[in-house]
Structures are given as structure tokens and as C-alpha cells.
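Asker: Got a structure for you, written out below as C-alpha cells; questions coming shortly.
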Amino acid sequence: MRYNSYDLVVIGTGFASSFFLHKFLRKAPATAKVLVLEKGHFFPHAERVKEKRGEETPYARLNPAYKDTFENHNPEKKWVFTQGFGGSSNCWYGCTPRFMPADFKMKTLYGVGNDWPLQYDDLENYYTQVEEIMSISGPADTPFPKKSGYPLPPHLFATADEILHKEYGNLYISQPTARARVAVNGRNACCASTVCHVCPVNAKFTIENSNMGVYEDPRVELLYGAQVHSLNLEQNVARSANFIKDGKEHRVAGEVIVLGTNALFNANILLNSGDSNPFTGKGIGEQLGLEASVYLHNLENVGGSTWVNANGYMLYDGEHRKEYAACLMESNNAPYYRMERGKWRHIANFRMVFEGLPEAHNYVATTSDSMRPAVHYKGPSEYTLRGVEKMKLKLPEILACLPVEKIVYGKPFDSEAHILGTTRMSANPTEGVVDKHLLHHQYRNLFVLGSGSFTTYTPSNPTLTLSALSLYAADNSF
Ligand SMILES: Cc1cc2nc3c(=O)[nH]c(=O)nc-3n(C[C@H](O)[C@H](O)[C@H](O)COP(=O)(O)OP(=O)(O)OC[C@H]3O[C@@H](n4cnc5c(N)ncnc54)[C@H](O)[C@@H]3O)c2cc1C
Ligand code: SF4
């Protein structure tokens, strides 16, 4: 560490921190001093591919196994992530739909949850910027408003997707995705190998391949192996961060401090620091997903150019959200086979993803180990479960344009790999932890980034939106 005090101290190197830094550095003076504290280490893509092939790599031992980093009090529910440089950008799957405008005003429109303190139009410009940086592939016509086209062409539909698109137009679209349709920016084209956890051809966007120039910037000092456990909060100001590196305790002061360690660890660090906001740590949640296998009569469902080919919005927005959860349909192009001679590909697979709601009995708490938070999670909301039941009633009608023989549902998945809502955003401090600029309501030099800030839990994947929020926060605060 070069100094004892910095203009900006950023904690974590995932999407949330990296997009925030990207915007901050464009606005900051040449003399700005920025320190980034990263708990883990750099594990290059080529070495991850080796590990995936079962080969030895010394990098594999550097970062902690995510399961060891927290206590899970409900083993039926998984919370999944990767630590180290780039965070879960290393293992994410790259599905990047925008939210729908209604997602931001659930209370006004449907009397459910709360309204976000910012609206779709506030984020539109930042969505576009993230889509440019991630080189998103997507269609010309979308169910959410969009002022400009996607940077890359859309992925190709499979046969069943083509039929559904013809029936439903822009309610059934090629999925907007960070899995590149064509080679771009040092990334190769996605070839639908469906092992996106470690993409063998480096097609999906990651912080490592992002070319954002953030961590190479001479104003930025990046410290690996620096695990932050708390902040010093005094008189409504976050003064400094406390971290352990090489077994020793350290402290560094920051004019501005930014937490980007994900919804689990942001809450833990705040709680360790004595943050008394009653919402801190409360309401951890996510979407609920389950598989619908659709057996088709004499229809070869083939083609498609990526893993999740398409998104269906037929069960997403509308008055029904007063009663039950919205559902996003993801068309899954992994190689599913029907175990019947001559009918191998007479099947389509969908992941039905339902929105969640924040509930106080689902929460993050500290433990005697300041580095290891506990997650207490009882289960999905009644609202979400009602959505599942209604979907089962409606899906046959929605799929009537396909020659459906039968639909077989799987059990709900134990995770959608998203962690939402432990530091929720609100217009005022009586309803949440951060304001619309992701600034803590009480500590006005402390940003708390990421999907922990989500006010409600739409069925859409969170990362495009949390990255846009980081750009918005940095752009409107400096
Ligand atoms: C398998 C998988 C697939 C996914 N697929 C998708 C998808 O298709 N679409 C989508 O939208 N989202 C997807 N996600 C979710 C997405 O990865 C997350 O929303 C996103 O990574 C969150 O970004 P973040 O920067 O807030 O946190 P993270 O990516 O979790 O980054 C947190 C960073 O903080 C560091 N850190 C943690 N604790 C400390 C500490 N105490 N001190 C210092 N540093 C610390 C970590 O090492 C890491 O660098 C997926 C996730 C997984 C696991
Ligand atoms: S589908 Fe295959 S090529 Fe495409 S991003 Fe995933 S792993 Fe990479």
C-alpha cells in the first residue's frame, strides 16, 4: 500500500466495483489516488480452462471455495458465487436482459413490495453504456423500450423459438446476451457449447477480458489478498476500512469508500461495522426457477447459436402481478435429448424464472468469525409460489402454437445464482439502506453497490442492471 489515505477506496473487483470505477476514473482528476482491496487473487482464464480439463494449476489454490466463506443455515437453498479478481464474472453465464419499466414501480402499479427510487428512464442511457462495454448481442425489437440497437447481432433461434417468435413478436425475442454472437474485442464468437461456467473459447464478457482499462489505470493501486471485515463509521462518515492481508491487520482511510463485495458480504461488513439501519442484511432473496420440458410431436427442434437462445415475456408483466409473480421464460439450448428412437430432438426445454419478494425472515447475520456471515433463508414467498401454480395452468395455452405432446416440470432449482436485496434502495431512510445513488442513507461518503440494492426482485437476470446502477451512481455523484 503506497499511502495511508486515498481519495477513493473500492472493495471488490466484480461487475459492481469495475463499472463504478470505469465511470469514476473518467471524471476524476489525473492526481486522484484510488486503492482497490480484493480479497482473492487473479486466476487467468487460460488457467481456469486448464482446471476445467482436470489439469493442475497453481492458481486453483489461491482463491477460497465459495462454500467455505459463509454459513448456510438452509442447506436446501444454495447461494453461489466466485471470489477473486473479477468476482462472479468468471463463472456467470452472460444472460443480460434489461428490466421492464414496470419492475421499478411495483407498488404504484400492483400494490406489491416498494417502488424503486429511480425509474427505467433514469437508467436507459446507462443500460446502453453497459451494453456497449459488454458488446451485447441482441435483437432490434424488444419488449422494453430501447433508444438504440444492440452492438452485436442477435443469436439465432432454434426451430421452436422461431415458431414462438412468429406467434408473439417482441414478447418472444432472441436473448440479449454477453455471449458474443460474432468475435469482438478480443473475444471469440459463442459456439453454443453450454459450459459457460468457464467458457472454453472466451466468448462471454468477463472483467478480465473487458478491456475497460480500469485496473491498468496509473491512478489505481490494486491490492490482492486483502480481506475487508469492517469499516470505521464515525459521526455519519465512513472514515476507513479494516482488512487482513498476509495474516496482519491493516487500516486505510478513504475520502469516499465503495463496497462492491456482493449482497452477502456488503451486509456482513456493514453489520460488523455497527451500521444500525434496521434493513441492513434483511430480505436476502432471489428468483425461483424450474425446468419445463416440452415434448413435441414430430418437430425437430434444432439450431440456435448459443446456450439460452431466447427469452419469452408472455407471463411477465401485467395486472396479474397484483396477485402472483411475473415469469420470464428462458429457452434453453443445452443438448437435451428425448430418450426415444427417432425422436431425439422432438423436445424443447425452458427455464421458467419467477420473481421474488424481499421478506424480513430471510436475512444475513454476523457470526463469531467476522469474515463469515450467516444466511438464514426460509424459502420463496407465497407470491412467487402462486406464480408457479398459475404458470402451470397457463403454459399449455401459451404453447398452443407448438405441436405439444406433454409438458414435464422439474423440481425448483436450488439456486438461480443471484443474491439480491440485503441493502435495499429506497427514497427515504425509513424504508431502506441506500438512496438512488447507492449512497448509504446515513454515511454519505459510503457507496454500497450491487444487487443487494435491488428494491424488488424482478425475474430478469440482475447483472446488466447492477452494472448500469454503478455507472449511474458514479456519474451522478462526482
Ligand atoms: C454460475 C453463475 C451464473 C450466473 N449467470 C448470470 C447471468 O447469466 N446473468 C446475470 O445477470 N447474472 C448472472 N450471475 C450473477 C452475477 O454473476 C452476479 O450478479 C454478479 O457477479 C454480481 O456482481 P458484484 O460485483 O456485485 O459481485 P461479485 O461478482 O460477487 O464480486 C464481488 C467481489 O468482491 C470480492 N470480495 C468479497 N468479499 C470481500 C472482502 N471481504 N474483502 C475484499 N474483497 C471481497 C470478491 O472476491 C469479488 O471480487 C451468475 C452467477 C453465477 C454464480
Ligand atoms: S455457450 Fe459455450 S461458447 Fe457460448 S459463452 Fe457459453 S461456454 Fe462460451
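Residues are named by chain letter and number: chains run A, B, ... in the order of the C-alpha cells, numbers start at 1 in each chain, and ligands are numbered from 1 in the order shown.
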Need the shell around Phe265 (chain A): protein/DNA/RNA residues with any atom at most 12 Å away, counting only C-alpha atoms. Skip same-chain ones fewer than 6 positions apart. Format as a PDB file with C-alpha atoms, in the first residue's frame?

Answerer:
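Output file out_2.pdb is given in full below:
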ATOM      1  CA  ILE A  11     -13.615  -3.065  -2.064  1.00  0.00           C
ATOM      2  CA  GLY A  12     -14.007  -5.955  -4.528  1.00  0.00           C
ATOM      3  CA  LYS A  39      -9.907 -10.480  -1.067  1.00  0.00           C
ATOM      4  CA  TYR A  66     -17.181 -20.055  -2.001  1.00  0.00           C
ATOM      5  CA  THR A  69     -16.872 -18.331   3.078  1.00  0.00           C
ATOM      6  CA  PHE A  70     -20.298 -18.252   4.772  1.00  0.00           C
ATOM      7  CA  GLU A  71     -22.613 -20.297   6.998  1.00  0.00           C
ATOM      8  CA  PHE A  81     -20.621 -17.091  -6.473  1.00  0.00           C
ATOM      9  CA  GLN A  83     -14.335 -14.938  -5.380  1.00  0.00           C
ATOM     10  CA  GLN A 227      -9.933  -9.151   3.004  1.00  0.00           C
ATOM     11  CA  VAL A 228     -12.029  -6.339   4.438  1.00  0.00           C
ATOM     12  CA  HIS A 229     -14.016  -7.194   7.543  1.00  0.00           C
ATOM     13  CA  SER A 230     -15.289  -3.799   8.719  1.00  0.00           C
ATOM     14  CA  LEU A 259     -18.433  -1.609  -1.072  1.00  0.00           C
ATOM     15  CA  LEU A 271     -23.125  -5.164  10.274  1.00  0.00           C
ATOM     16  CA  ASN A 272     -19.578  -5.775  11.578  1.00  0.00           C
ATOM     17  CA  THR A 280     -29.187  -3.893   6.664  1.00  0.00           C
ATOM     18  CA  GLY A 281     -28.889  -7.627   5.985  1.00  0.00           C
ATOM     19  CA  ILE A 284     -31.958 -11.608   1.122  1.00  0.00           C
ATOM     20  CA  VAL A 364     -27.815 -12.145   6.658  1.00  0.00           C
ATOM     21  CA  ALA A 365     -26.320 -12.016  10.162  1.00  0.00           C
ATOM     22  CA  THR A 366     -22.817 -11.774  11.557  1.00  0.00           C
ATOM     23  CA  SER A 370     -16.096 -11.592  11.173  1.00  0.00           C
ATOM     24  CA  MET A 371     -15.232 -12.894   7.691  1.00  0.00           C
ATOM     25  CA  ARG A 372     -18.012 -15.484   7.608  1.00  0.00           C
ATOM     26  CA  PRO A 373     -21.588 -14.228   7.573  1.00  0.00           C
ATOM     27  CA  ALA A 374     -24.571 -16.499   8.153  1.00  0.00           C
ATOM     28  CA  VAL A 375     -27.500 -16.723   5.753  1.00  0.00           C
ATOM     29  CA  ILE A 419     -28.010 -12.750  -4.470  1.00  0.00           C
ATOM     30  CA  LEU A 420     -30.377  -9.840  -4.015  1.00  0.00           C
ATOM     31  CA  GLY A 421     -31.571  -7.277  -1.574  1.00  0.00           C
ATOM     32  CA  THR A 422     -29.603  -7.030   1.689  1.00  0.00           C
ATOM     33  CA  THR A 423     -29.054  -3.260   1.383  1.00  0.00           C
ATOM     34  CA  VAL A 448     -22.992   0.180  -1.292  1.00  0.00           C
ATOM     35  CA  LEU A 449     -23.122  -1.277  -4.801  1.00  0.00           C
ATOM     36  CA  GLY A 450     -24.532  -4.374  -6.444  1.00  0.00           C
ATOM     37  CA  SER A 451     -27.786  -6.314  -6.498  1.00  0.00           C
ATOM     38  CA  GLY A 452     -28.095  -6.023  -2.714  1.00  0.00           C
TER      39      GLY A 452
END

Asker: Compile a residue-level contact table for chain A against ligand 2 at a cut-off of 6 Å, reporting for every qualifying residue the shortest atom pair and its distance in Å to one decimal, with only C-alpha atoms and all ligand atoms counted, rows ordered by chain and ascending number, as a tab-separated table.

Answerer:
residue	atom	partner	partner_atom_place_in_ligand_line	distance
A:Arg179	CA	ligand 2	5 (S)	4.5
A:Cys190	CA	ligand 2	4 (Fe)	3.7
A:Cys191	CA	ligand 2	3 (S)	4.3
A:Ala192	CA	ligand 2	1 (S)	3.8
A:Ser193	CA	ligand 2	2 (Fe)	3.5
A:Thr194	CA	ligand 2	1 (S)	3.9
A:Val195	CA	ligand 2	7 (S)	4.2
A:Cys196	CA	ligand 2	7 (S)	3.5
A:Cys199	CA	ligand 2	7 (S)	3.7
A:Pro200	CA	ligand 2	7 (S)	5.9
A:Val201	CA	ligand 2	3 (S)	5.7
A:Ala203	CA	ligand 2	5 (S)	4.9
A:Lys204	CA	ligand 2	5 (S)	4.7
A:Thr306	CA	ligand 2	1 (S)	5.1
A:Trp307	CA	ligand 2	1 (S)	4.6

Asker: Kindly save the residues from that selection, with N, CA and C atoms included, as a JSON list (two decimals), in the first residue's frame.

Answerer:
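So the final result, stored in again.json, reads:
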[["chain", "number", "residue", "atom", "x", "y", "z"],
["A", 179, "ARG", "N", -22.77, -13.32, -24.33],
["A", 179, "ARG", "CA", -22.09, -14.41, -25.06],
["A", 179, "ARG", "C", -22.05, -13.97, -26.52],
["A", 190, "CYS", "N", -19.49, -17.07, -29.66],
["A", 190, "CYS", "CA", -20.07, -18.17, -28.90],
["A", 190, "CYS", "C", -20.42, -19.31, -29.85],
["A", 191, "CYS", "N", -20.09, -20.54, -29.45],
["A", 191, "CYS", "CA", -20.39, -21.67, -30.33],
["A", 191, "CYS", "C", -21.35, -22.64, -29.64],
["A", 192, "ALA", "N", -22.12, -22.14, -28.69],
["A", 192, "ALA", "CA", -23.20, -22.91, -28.06],
["A", 192, "ALA", "C", -22.72, -24.18, -27.38],
["A", 193, "SER", "N", -21.55, -24.12, -26.77],
["A", 193, "SER", "CA", -21.04, -25.32, -26.11],
["A", 193, "SER", "C", -21.67, -25.53, -24.73],
["A", 194, "THR", "N", -22.35, -24.50, -24.22],
["A", 194, "THR", "CA", -23.16, -24.58, -22.99],
["A", 194, "THR", "C", -22.39, -25.02, -21.74],
["A", 195, "VAL", "N", -21.15, -24.64, -21.66],
["A", 195, "VAL", "CA", -20.39, -24.85, -20.42],
["A", 195, "VAL", "C", -19.88, -23.49, -19.93],
["A", 196, "CYS", "N", -20.80, -22.55, -19.87],
["A", 196, "CYS", "CA", -20.42, -21.14, -19.69],
["A", 196, "CYS", "C", -19.72, -20.86, -18.36],
["A", 199, "CYS", "N", -16.01, -20.49, -19.98],
["A", 199, "CYS", "CA", -16.20, -20.55, -21.44],
["A", 199, "CYS", "C", -14.88, -20.93, -22.12],
["A", 200, "PRO", "N", -14.82, -22.06, -22.80],
["A", 200, "PRO", "CA", -13.54, -22.50, -23.35],
["A", 200, "PRO", "C", -13.01, -21.59, -24.45],
["A", 201, "VAL", "N", -13.91, -20.87, -25.14],
["A", 201, "VAL", "CA", -13.44, -20.02, -26.25],
["A", 201, "VAL", "C", -13.46, -18.54, -25.87],
["A", 203, "ALA", "N", -15.82, -16.45, -25.00],
["A", 203, "ALA", "CA", -16.83, -15.69, -25.76],
["A", 203, "ALA", "C", -17.64, -14.77, -24.86],
["A", 204, "LYS", "N", -17.82, -15.16, -23.61],
["A", 204, "LYS", "CA", -18.65, -14.31, -22.73],
["A", 204, "LYS", "C", -17.79, -13.18, -22.16],
["A", 306, "THR", "N", -26.54, -20.21, -29.39],
["A", 306, "THR", "CA", -25.95, -20.00, -28.07],
["A", 306, "THR", "C", -26.67, -20.89, -27.06],
["A", 307, "TRP", "N", -26.34, -20.71, -25.81],
["A", 307, "TRP", "CA", -26.88, -21.59, -24.78],
["A", 307, "TRP", "C", -28.35, -21.24, -24.46]]

Asker: Restrict the calculation to only C-alpha atoms and all ligand atoms, then for each residue of chain A with any atom at most 7 Å from an atom of ligand 1 give the closest atom pair and their distance in Å to one decimal, rows by chain and rising residue number, as a Markdown table.

Answerer:
| residue | atom | partner | partner_atom_place_in_ligand_line | distance |
| --- | --- | --- | --- | --- |
| A:Ile11 | CA | ligand 1 | 43 (C) | 5.1 |
| A:Gly12 | CA | ligand 1 | 34 (O) | 3.3 |
| A:Thr13 | CA | ligand 1 | 49 (O) | 4.1 |
| A:Gly14 | CA | ligand 1 | 25 (O) | 3.4 |
| A:Phe15 | CA | ligand 1 | 25 (O) | 3.8 |
| A:Ala16 | CA | ligand 1 | 25 (O) | 3.8 |
| A:Ser17 | CA | ligand 1 | 25 (O) | 5.8 |
| A:Leu37 | CA | ligand 1 | 43 (C) | 5.4 |
| A:Glu38 | CA | ligand 1 | 44 (N) | 4.0 |
| A:Lys39 | CA | ligand 1 | 44 (N) | 3.8 |
| A:Gly40 | CA | ligand 1 | 47 (O) | 5.0 |
| A:Val80 | CA | ligand 1 | 53 (C) | 4.7 |
| A:Phe81 | CA | ligand 1 | 53 (C) | 3.8 |
| A:Thr82 | CA | ligand 1 | 53 (C) | 6.2 |
| A:Gln83 | CA | ligand 1 | 47 (O) | 3.6 |
| A:Gly84 | CA | ligand 1 | 47 (O) | 3.8 |
| A:Phe85 | CA | ligand 1 | 49 (O) | 4.8 |
| A:Gly86 | CA | ligand 1 | 49 (O) | 5.0 |
| A:Gly87 | CA | ligand 1 | 48 (C) | 3.6 |
| A:Ser88 | CA | ligand 1 | 29 (O) | 3.8 |
| A:Ser89 | CA | ligand 1 | 21 (O) | 5.1 |
| A:Cys91 | CA | ligand 1 | 1 (C) | 5.1 |
| A:Trp92 | CA | ligand 1 | 4 (C) | 3.4 |
| A:Tyr93 | CA | ligand 1 | 8 (O) | 3.7 |
| A:Gly94 | CA | ligand 1 | 8 (O) | 4.0 |
| A:Cys95 | CA | ligand 1 | 8 (O) | 3.7 |
| A:Thr96 | CA | ligand 1 | 11 (O) | 5.4 |
| A:His197 | CA | ligand 1 | 1 (C) | 5.9 |
| A:Ala226 | CA | ligand 1 | 43 (C) | 5.8 |
| A:Gln227 | CA | ligand 1 | 42 (N) | 3.7 |
| A:Val228 | CA | ligand 1 | 42 (N) | 3.9 |
| A:His229 | CA | ligand 1 | 41 (N) | 5.5 |
| A:Gly260 | CA | ligand 1 | 26 (O) | 5.6 |
| A:Thr261 | CA | ligand 1 | 34 (O) | 3.4 |
| A:Asn262 | CA | ligand 1 | 27 (O) | 4.0 |
| A:Ala263 | CA | ligand 1 | 26 (O) | 6.8 |
| A:Phe265 | CA | ligand 1 | 38 (N) | 5.5 |
| A:Met371 | CA | ligand 1 | 41 (N) | 6.6 |
| A:Ala417 | CA | ligand 1 | 51 (C) | 4.5 |
| A:His418 | CA | ligand 1 | 15 (C) | 4.8 |
| A:Ile419 | CA | ligand 1 | 19 (O) | 6.9 |
| A:Leu449 | CA | ligand 1 | 26 (O) | 6.6 |
| A:Gly450 | CA | ligand 1 | 26 (O) | 4.0 |
| A:Ser451 | CA | ligand 1 | 26 (O) | 6.1 |
| A:Asn461 | CA | ligand 1 | 11 (O) | 3.9 |
| A:Pro462 | CA | ligand 1 | 11 (O) | 4.2 |
| A:Thr463 | CA | ligand 1 | 11 (O) | 3.6 |
| A:Leu464 | CA | ligand 1 | 11 (O) | 5.8 |

Asker: Taking N, CA and C atoms for each residue, export the selection above as a short mmCIF file (atom, residue, chain, number, x, y, z; two decimals), in the first residue's frame.

Answerer:
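File produced: out_34.cif:
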data_model
loop_
_atom_site.label_atom_id
_atom_site.label_comp_id
_atom_site.auth_asym_id
_atom_site.auth_seq_id
_atom_site.Cartn_x
_atom_site.Cartn_y
_atom_site.Cartn_z
N ILE A 11 -13.80 -1.72 -2.62
CA ILE A 11 -13.61 -3.06 -2.06
C ILE A 11 -14.31 -4.08 -2.98
N GLY A 12 -13.49 -4.98 -3.57
CA GLY A 12 -14.01 -5.96 -4.53
C GLY A 12 -13.72 -5.53 -5.96
N THR A 13 -13.62 -6.53 -6.86
CA THR A 13 -13.29 -6.25 -8.27
C THR A 13 -14.28 -6.89 -9.24
N GLY A 14 -15.52 -7.12 -8.78
CA GLY A 14 -16.54 -7.70 -9.66
C GLY A 14 -17.15 -6.63 -10.56
N PHE A 15 -18.33 -6.95 -11.12
CA PHE A 15 -19.03 -6.01 -12.01
C PHE A 15 -19.29 -4.68 -11.30
N ALA A 16 -19.81 -4.78 -10.07
CA ALA A 16 -20.28 -3.58 -9.38
C ALA A 16 -19.14 -2.58 -9.22
N SER A 17 -18.01 -3.05 -8.70
CA SER A 17 -16.87 -2.15 -8.48
C SER A 17 -16.28 -1.69 -9.81
N LEU A 37 -9.18 -2.92 -2.86
CA LEU A 37 -8.86 -4.05 -1.97
C LEU A 37 -9.61 -5.27 -2.46
N GLU A 38 -8.91 -6.28 -2.87
CA GLU A 38 -9.53 -7.51 -3.37
C GLU A 38 -9.13 -8.67 -2.47
N LYS A 39 -10.14 -9.35 -1.97
CA LYS A 39 -9.91 -10.48 -1.07
C LYS A 39 -9.10 -11.60 -1.73
N GLY A 40 -9.44 -11.89 -2.99
CA GLY A 40 -8.82 -13.02 -3.68
C GLY A 40 -7.66 -12.60 -4.57
N VAL A 80 -24.65 -19.05 -4.69
CA VAL A 80 -23.49 -19.43 -5.50
C VAL A 80 -22.76 -18.20 -6.00
N PHE A 81 -21.43 -18.22 -5.96
CA PHE A 81 -20.62 -17.09 -6.47
C PHE A 81 -19.18 -17.53 -6.58
N THR A 82 -18.35 -16.70 -7.18
CA THR A 82 -16.91 -16.96 -7.27
C THR A 82 -16.18 -15.78 -6.66
N GLN A 83 -15.12 -16.05 -5.93
CA GLN A 83 -14.34 -14.94 -5.38
C GLN A 83 -12.99 -14.85 -6.10
N GLY A 84 -12.32 -13.73 -5.94
CA GLY A 84 -11.07 -13.47 -6.64
C GLY A 84 -11.28 -12.36 -7.66
N PHE A 85 -10.22 -12.00 -8.37
CA PHE A 85 -10.30 -10.90 -9.32
C PHE A 85 -11.45 -11.13 -10.33
N GLY A 86 -12.30 -10.13 -10.48
CA GLY A 86 -13.42 -10.24 -11.43
C GLY A 86 -14.67 -10.87 -10.82
N GLY A 87 -14.57 -11.38 -9.60
CA GLY A 87 -15.74 -11.95 -8.92
C GLY A 87 -16.45 -12.98 -9.79
N SER A 88 -17.76 -12.96 -9.76
CA SER A 88 -18.56 -13.96 -10.49
C SER A 88 -18.64 -13.67 -11.99
N SER A 89 -17.95 -12.65 -12.47
CA SER A 89 -17.88 -12.50 -13.94
C SER A 89 -17.14 -13.70 -14.52
N CYS A 91 -17.55 -16.84 -13.67
CA CYS A 91 -18.40 -18.04 -13.79
C CYS A 91 -19.80 -17.73 -14.27
N TRP A 92 -20.13 -16.44 -14.49
CA TRP A 92 -21.52 -16.15 -14.87
C TRP A 92 -21.80 -16.68 -16.27
N TYR A 93 -23.10 -16.67 -16.64
CA TYR A 93 -23.50 -17.24 -17.93
C TYR A 93 -23.79 -16.18 -18.99
N GLY A 94 -23.80 -14.92 -18.58
CA GLY A 94 -23.89 -13.85 -19.58
C GLY A 94 -25.28 -13.54 -20.12
N CYS A 95 -26.34 -13.87 -19.38
CA CYS A 95 -27.71 -13.50 -19.81
C CYS A 95 -27.96 -12.05 -19.37
N THR A 96 -28.28 -11.17 -20.30
CA THR A 96 -28.31 -9.75 -19.94
C THR A 96 -29.56 -9.00 -20.43
N HIS A 197 -19.81 -21.76 -17.40
CA HIS A 197 -19.14 -21.55 -16.11
C HIS A 197 -17.67 -21.16 -16.36
N ALA A 226 -6.44 -8.98 0.14
CA ALA A 226 -6.80 -8.01 1.19
C ALA A 226 -8.28 -8.18 1.51
N GLN A 227 -8.55 -8.81 2.65
CA GLN A 227 -9.93 -9.15 3.00
C GLN A 227 -10.48 -8.15 4.01
N VAL A 228 -11.45 -7.37 3.57
CA VAL A 228 -12.03 -6.34 4.44
C VAL A 228 -13.07 -6.98 5.35
N HIS A 229 -12.99 -6.65 6.64
CA HIS A 229 -14.02 -7.19 7.54
C HIS A 229 -14.92 -6.12 8.12
N GLY A 260 -18.19 -3.24 -2.86
CA GLY A 260 -18.65 -3.97 -4.05
C GLY A 260 -18.36 -5.45 -3.88
N THR A 261 -18.72 -6.00 -2.71
CA THR A 261 -18.31 -7.37 -2.39
C THR A 261 -19.45 -8.37 -2.53
N ASN A 262 -20.54 -7.98 -3.06
CA ASN A 262 -21.82 -8.67 -3.31
C ASN A 262 -22.75 -8.58 -2.10
N ALA A 263 -24.01 -8.96 -2.32
CA ALA A 263 -25.05 -8.68 -1.33
C ALA A 263 -24.80 -9.35 0.01
N PHE A 265 -21.67 -10.18 1.41
CA PHE A 265 -20.53 -9.65 2.16
C PHE A 265 -20.65 -8.14 2.41
N MET A 371 -15.33 -12.70 9.14
CA MET A 371 -15.23 -12.89 7.69
C MET A 371 -16.35 -13.78 7.15
N ALA A 417 -28.43 -18.48 -8.83
CA ALA A 417 -27.08 -17.90 -8.77
C ALA A 417 -27.08 -16.37 -8.66
N HIS A 418 -28.17 -15.84 -8.13
CA HIS A 418 -28.24 -14.39 -7.91
C HIS A 418 -28.43 -14.14 -6.41
N ILE A 419 -27.86 -13.07 -5.90
CA ILE A 419 -28.01 -12.75 -4.47
C ILE A 419 -28.50 -11.31 -4.40
N LEU A 449 -22.75 -0.95 -3.43
CA LEU A 449 -23.12 -1.28 -4.80
C LEU A 449 -23.73 -2.68 -4.91
N GLY A 450 -24.15 -2.99 -6.13
CA GLY A 450 -24.53 -4.37 -6.44
C GLY A 450 -26.02 -4.65 -6.28
N SER A 451 -26.37 -5.93 -6.49
CA SER A 451 -27.79 -6.31 -6.50
C SER A 451 -28.38 -6.38 -5.09
N ASN A 461 -32.49 -11.36 -15.10
CA ASN A 461 -31.15 -11.52 -14.51
C ASN A 461 -30.62 -10.15 -14.08
N PRO A 462 -29.86 -10.12 -12.99
CA PRO A 462 -29.57 -8.82 -12.35
C PRO A 462 -28.35 -8.04 -12.86
N THR A 463 -27.43 -8.68 -13.57
CA THR A 463 -26.09 -8.08 -13.67
C THR A 463 -26.03 -6.87 -14.60
N LEU A 464 -26.79 -6.89 -15.69
CA LEU A 464 -26.81 -5.71 -16.55
C LEU A 464 -27.28 -4.51 -15.73
#

Asker: For Gln119 (chain A), find every residue with an atom within 8 Å (counting only C-alpha atoms), except residues of its own chain fewer than 4 positions away, and show them as a PyMOL selection string.

Answerer: chain A and resi 101+104-105+123

Asker: Only C-alpha atoms, please: the residues just picked out, written as a PDB file, in the first residue's frame.

Answerer:
ATOM      1  CA  PRO A 101     -40.201  -0.303 -16.787  1.00  0.00           C
ATOM      2  CA  PHE A 104     -39.276  -0.293 -10.939  1.00  0.00           C
ATOM      3  CA  LYS A 105     -42.761   0.644  -9.725  1.00  0.00           C
ATOM      4  CA  LEU A 123     -31.200   4.125 -16.296  1.00  0.00           C
TER       5      LEU A 123
END

Asker: Using only C-alpha atoms, which of A:His297, A:Ala310, A:Phe205, A:Leu385 sits nearest Trp344 (chain A)?

Answerer: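 The shortest atom-to-atom distance to Trp344 (chain A) comes from A:His297.
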
Asker: Report, in Å to a single decimal, how far apart CA of Leu357 (chain A) and CA of Val112 (chain A) are.

Answerer: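 Answer for the CA of Val112 (chain A) to CA of Leu357 (chain A) separation: 8.6 Å.
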
Asker: Find the spatial neighbours of region 233-236 of chain A, counting only C-alpha atoms, within a cut-off of 12 Å - ignore same-chain residues fewer than 3 positions away - and output them as a ChimeraX atom specification.

Answerer: /A:230,239-242,253-254,257,269-276,439-446
